[in-house]
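Next comes model_11.cif, a file with mmCIF, C-alpha atoms, pLDDT in the B column; chains and numbers go by the auth columns.
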```cif
data_protein
loop_
_atom_site.group_PDB
_atom_site.id
_atom_site.type_symbol
_atom_site.label_atom_id
_atom_site.label_comp_id
_atom_site.label_asym_id
_atom_site.label_seq_id
_atom_site.Cartn_x
_atom_site.Cartn_y
_atom_site.Cartn_z
_atom_site.B_iso_or_equiv
_atom_site.auth_seq_id
_atom_site.auth_asym_id
ATOM 1 C CA MET A 1 30.210 9.139 15.856 68.00 206 A
ATOM 2 C CA SER A 2 30.032 6.373 13.270 86.00 207 A
ATOM 3 C CA ILE A 3 29.264 7.034 9.631 91.00 208 A
ATOM 4 C CA ARG A 4 26.088 5.356 8.440 88.00 209 A
ATOM 5 C CA ILE A 5 25.505 4.736 4.741 92.00 210 A
ATOM 6 C CA LYS A 6 21.960 4.441 3.393 93.00 211 A
ATOM 7 C CA ASN A 7 20.631 4.267 -0.136 96.00 212 A
ATOM 8 C CA ILE A 8 17.810 6.613 -1.159 95.00 213 A
ATOM 9 C CA PHE A 9 16.201 3.744 -3.114 95.00 214 A
ATOM 10 C CA SER A 10 16.291 1.181 -0.295 94.00 215 A
ATOM 11 C CA ASP A 11 13.574 0.285 2.214 93.00 216 A
ATOM 12 C CA ILE A 12 10.740 1.252 -0.130 92.00 217 A
ATOM 13 C CA PRO A 13 7.424 0.106 1.358 90.00 218 A
ATOM 14 C CA GLN A 14 5.530 -2.201 -1.011 89.00 219 A
ATOM 15 C CA GLU A 15 2.041 -1.157 0.120 88.00 220 A
ATOM 16 C CA LEU A 16 1.310 2.519 0.672 89.00 221 A
ATOM 17 C CA SER A 17 -2.184 3.444 1.789 91.00 222 A
ATOM 18 C CA ASN A 18 -0.738 6.897 2.599 91.00 223 A
ATOM 19 C CA GLU A 19 2.307 8.735 1.367 93.00 224 A
ATOM 20 C CA HIS A 20 5.478 7.752 3.203 95.00 225 A
ATOM 21 C CA PHE A 21 7.510 10.602 4.768 96.00 226 A
ATOM 22 C CA GLU A 22 11.025 10.079 6.122 96.00 227 A
ATOM 23 C CA THR A 23 13.164 12.843 7.604 97.00 228 A
ATOM 24 C CA ILE A 24 16.788 12.329 6.570 96.00 229 A
ATOM 25 C CA PHE A 25 18.227 15.409 8.292 96.00 230 A
ATOM 26 C CA ARG A 26 16.816 18.287 10.301 97.00 231 A
ATOM 27 C CA ASN A 27 18.070 21.340 12.153 97.00 232 A
ATOM 28 C CA GLU A 28 16.500 24.681 13.075 96.00 233 A
ATOM 29 C CA ASN A 29 16.689 26.035 9.489 97.00 234 A
ATOM 30 C CA ILE A 30 16.349 23.075 7.126 98.00 235 A
ATOM 31 C CA LYS A 31 14.691 19.696 6.811 98.00 236 A
ATOM 32 C CA LEU A 32 15.719 17.127 4.210 98.00 237 A
ATOM 33 C CA GLU A 33 12.987 14.599 3.548 98.00 238 A
ATOM 34 C CA ARG A 34 12.310 11.572 1.355 98.00 239 A
ATOM 35 C CA ILE A 35 8.694 11.208 0.274 97.00 240 A
ATOM 36 C CA ILE A 36 7.309 8.137 -1.476 97.00 241 A
ATOM 37 C CA SER A 37 4.021 8.424 -3.364 97.00 242 A
ATOM 38 C CA ASP A 38 2.072 5.687 -5.111 96.00 243 A
ATOM 39 C CA GLY A 39 -0.715 7.437 -6.982 95.00 244 A
ATOM 40 C CA HIS A 40 -1.246 9.849 -4.059 95.00 245 A
ATOM 41 C CA ILE A 41 -2.453 13.395 -4.672 94.00 246 A
ATOM 42 C CA SER A 42 -3.358 16.349 -2.469 92.00 247 A
ATOM 43 C CA PRO A 43 -6.621 15.623 -0.667 87.00 248 A
ATOM 44 C CA GLY A 44 -9.760 17.306 -2.010 82.00 249 A
ATOM 45 C CA GLU A 45 -9.017 20.793 -3.215 82.00 250 A
ATOM 46 C CA LYS A 46 -6.343 21.398 -0.563 88.00 251 A
ATOM 47 C CA TRP A 47 -3.653 23.933 -1.413 94.00 252 A
ATOM 48 C CA TYR A 48 -0.344 23.743 0.440 94.00 253 A
ATOM 49 C CA ASP A 49 0.543 27.198 1.806 96.00 254 A
ATOM 50 C CA GLN A 50 3.856 26.719 3.573 95.00 255 A
ATOM 51 C CA ASP A 51 5.842 29.136 5.731 96.00 256 A
ATOM 52 C CA PHE A 52 9.126 27.955 4.169 97.00 257 A
ATOM 53 C CA ASP A 53 10.764 27.601 0.758 98.00 258 A
ATOM 54 C CA GLU A 54 10.788 24.043 -0.570 98.00 259 A
ATOM 55 C CA TRP A 55 13.188 22.587 -3.124 98.00 260 A
ATOM 56 C CA VAL A 56 11.731 19.417 -4.673 98.00 261 A
ATOM 57 C CA LEU A 57 13.541 16.788 -6.774 98.00 262 A
ATOM 58 C CA VAL A 58 11.801 13.787 -8.363 98.00 263 A
ATOM 59 C CA LEU A 59 14.139 10.789 -8.303 98.00 264 A
ATOM 60 C CA SER A 60 11.764 8.204 -9.820 98.00 265 A
ATOM 61 C CA GLY A 61 8.198 8.066 -11.042 97.00 266 A
ATOM 62 C CA LYS A 62 6.363 11.145 -12.240 98.00 267 A
ATOM 63 C CA ALA A 63 4.401 13.982 -10.663 98.00 268 A
ATOM 64 C CA ILE A 64 2.244 16.891 -11.721 98.00 269 A
ATOM 65 C CA LEU A 65 1.996 20.010 -9.558 97.00 270 A
ATOM 66 C CA SER A 66 -0.624 22.737 -9.861 96.00 271 A
ATOM 67 C CA PHE A 67 -0.078 26.284 -8.633 95.00 272 A
ATOM 68 C CA GLU A 68 -2.912 28.574 -7.635 93.00 273 A
ATOM 69 C CA ASN A 69 -1.505 31.566 -9.541 88.00 274 A
ATOM 70 C CA LYS A 70 -0.464 29.685 -12.719 86.00 275 A
ATOM 71 C CA THR A 71 -2.653 28.366 -15.519 87.00 276 A
ATOM 72 C CA LYS A 72 -0.223 25.632 -16.641 95.00 277 A
ATOM 73 C CA ASP A 73 0.597 22.559 -14.528 96.00 278 A
ATOM 74 C CA ILE A 74 4.223 21.593 -13.899 97.00 279 A
ATOM 75 C CA ILE A 75 5.194 18.056 -14.974 98.00 280 A
ATOM 76 C CA LEU A 76 8.142 16.561 -13.082 98.00 281 A
ATOM 77 C CA ASN A 77 10.002 13.527 -14.430 98.00 282 A
ATOM 78 C CA PRO A 78 13.022 11.779 -12.866 98.00 283 A
ATOM 79 C CA GLY A 79 15.821 14.298 -12.416 98.00 284 A
ATOM 80 C CA ASP A 80 13.520 17.340 -12.583 98.00 285 A
ATOM 81 C CA TYR A 81 13.549 19.776 -9.686 98.00 286 A
ATOM 82 C CA ILE A 82 11.727 22.948 -8.758 97.00 287 A
ATOM 83 C CA MET A 83 11.941 25.635 -6.074 97.00 288 A
ATOM 84 C CA ILE A 84 8.618 26.475 -4.450 97.00 289 A
ATOM 85 C CA LYS A 85 8.726 29.781 -2.594 97.00 290 A
ATOM 86 C CA ALA A 86 7.089 30.231 0.801 97.00 291 A
ATOM 87 C CA HIS A 87 3.321 30.884 0.505 97.00 292 A
ATOM 88 C CA GLU A 88 3.264 29.903 -3.172 96.00 293 A
ATOM 89 C CA LYS A 89 0.064 27.875 -3.035 96.00 294 A
ATOM 90 C CA HIS A 90 0.394 24.512 -4.764 97.00 295 A
ATOM 91 C CA ARG A 91 -1.005 21.000 -4.793 96.00 296 A
ATOM 92 C CA VAL A 92 -0.018 17.570 -6.058 96.00 297 A
ATOM 93 C CA LYS A 93 -2.372 16.817 -8.938 96.00 298 A
ATOM 94 C CA TYR A 94 -0.849 13.465 -9.982 97.00 299 A
ATOM 95 C CA THR A 95 1.770 10.886 -9.020 97.00 300 A
ATOM 96 C CA ASP A 96 2.612 7.803 -11.035 94.00 301 A
ATOM 97 C CA LEU A 97 0.426 4.724 -10.557 91.00 302 A
ATOM 98 C CA GLY A 98 2.790 2.333 -12.373 90.00 303 A
ATOM 99 C CA GLU A 99 5.954 3.237 -10.463 94.00 304 A
ATOM 100 C CA LYS A 100 6.433 4.733 -7.026 96.00 305 A
ATOM 101 C CA THR A 101 7.336 8.409 -7.125 98.00 306 A
ATOM 102 C CA ILE A 102 10.315 9.106 -4.892 98.00 307 A
ATOM 103 C CA TRP A 103 10.819 12.750 -4.002 98.00 308 A
ATOM 104 C CA LEU A 104 13.700 14.426 -2.222 98.00 309 A
ATOM 105 C CA THR A 105 12.593 17.677 -0.598 98.00 310 A
ATOM 106 C CA LEU A 106 14.539 20.363 1.196 98.00 311 A
ATOM 107 C CA HIS A 107 12.510 22.701 3.416 98.00 312 A
ATOM 108 C CA ILE A 108 14.330 25.986 4.042 97.00 313 A
ATOM 109 C CA LYS A 109 13.281 28.557 6.656 93.00 314 A
#
```
Give the structure from this file in structure tokens form.
Amino acid sequence: MSIRIKNIFSDIPQELSNEHFETIFRNENIKLERIISDGHISPGEKWYDQDFDEWVLVLSGKAILSFENKTKDIILNPGDYIMIKAHEKHRVKYTDLGEKTIWLTLHIK
């Protein structure tokens, strides 16, 4: 098996009509994913209610998350990370319009 080197900041699509999702690694218990947002938010009033824990790190840009059971939004700047527990209902309220928001997420069953 050859070792392949990639850069998390390479191959960024210029135009994004939808968020860009890229699976970096996956097995039966975890999925590591790069997400690129460009002003994208959760559609309508949709709340994500996931069956897995999700660790989220913002690498560039900015994001604001809302949680159904919290009154205060969570602002994430580059370098900020958060653990979202399974079935903790949340939504993306804002992503940066001036700079693409690059997320690294780890889904854990």
Picked residues, the PyMOL selection byres ((chain A and resi 261-269) around 6), as a short mmCIF file (atom, residue, chain, number, x, y, z; two decimals) with C-alpha atoms, in the coordinates of the input:
```cif
data_model
loop_
_atom_site.label_atom_id
_atom_site.label_comp_id
_atom_site.auth_asym_id
_atom_site.auth_seq_id
_atom_site.Cartn_x
_atom_site.Cartn_y
_atom_site.Cartn_z
CA TRP A 260 13.19 22.59 -3.12
CA LEU A 270 2.00 20.01 -9.56
CA ILE A 279 4.22 21.59 -13.90
CA ILE A 280 5.19 18.06 -14.97
CA LEU A 281 8.14 16.56 -13.08
CA ASN A 282 10.00 13.53 -14.43
CA PRO A 283 13.02 11.78 -12.87
CA GLY A 284 15.82 14.30 -12.42
CA ASP A 285 13.52 17.34 -12.58
CA TYR A 286 13.55 19.78 -9.69
CA ILE A 287 11.73 22.95 -8.76
CA LYS A 298 -2.37 16.82 -8.94
CA TYR A 299 -0.85 13.46 -9.98
CA THR A 300 1.77 10.89 -9.02
CA ASP A 301 2.61 7.80 -11.04
CA GLU A 304 5.95 3.24 -10.46
CA LYS A 305 6.43 4.73 -7.03
CA THR A 306 7.34 8.41 -7.12
CA ILE A 307 10.32 9.11 -4.89
CA TRP A 308 10.82 12.75 -4.00
CA LEU A 309 13.70 14.43 -2.22
CA THR A 310 12.59 17.68 -0.60
#
```
Close residues, Lys290 of chain A itself excluded, 10 Å, only C-alpha atoms, min 3 positions apart in chain, as an MDAnalysis selection string: chainID A and resid 254:260 287 293:294 313
Radius query 7 Å about (4.0, 10.3, -2.8), atoms used: only C-alpha atoms, as a PyMOL selection string: chain A and resi 224-225+240-245+300+306-307
Between atom CA of His292 of chain A and atom CA of Leu311 of chain A, distance in Å (one decimal):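 Distance between the two atoms: 15.4 Å.
In this model, the gap between atom CA of Glu233 of chain A and atom CA of Ser207 of chain A comes to 22.8 Å.
Counting all atoms listed in the file and comparing A:Ile229, A:Val297, A:Leu302, A:Ile217, the residue that lies closest to Lys251 of chain A is A:Val297.
Between atom CA of Glu227 of chain A and atom CA of Arg239 of chain A the separation is 5.2 Å.
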Residue members of the PyMOL selection byres ((chain A and resi 295) around 6) in the file shown, as a list of chain:residue names: A:Trp252, A:Tyr253, A:Ser271, A:Phe272, A:Glu273, A:Lys294, A:Arg296
With all atoms of segment 270-285 of chain A from the file as input, state the centre and edge lengths in Å to one decimal of the axis-aligned box that has 8 Å extra on each side, as lines of an AutoDock Vina configuration file.
```
center_x = 6.5
center_y = 21.7
center_z = -12.1
size_x = 34.7
size_y = 35.8
size_z = 25.0
```
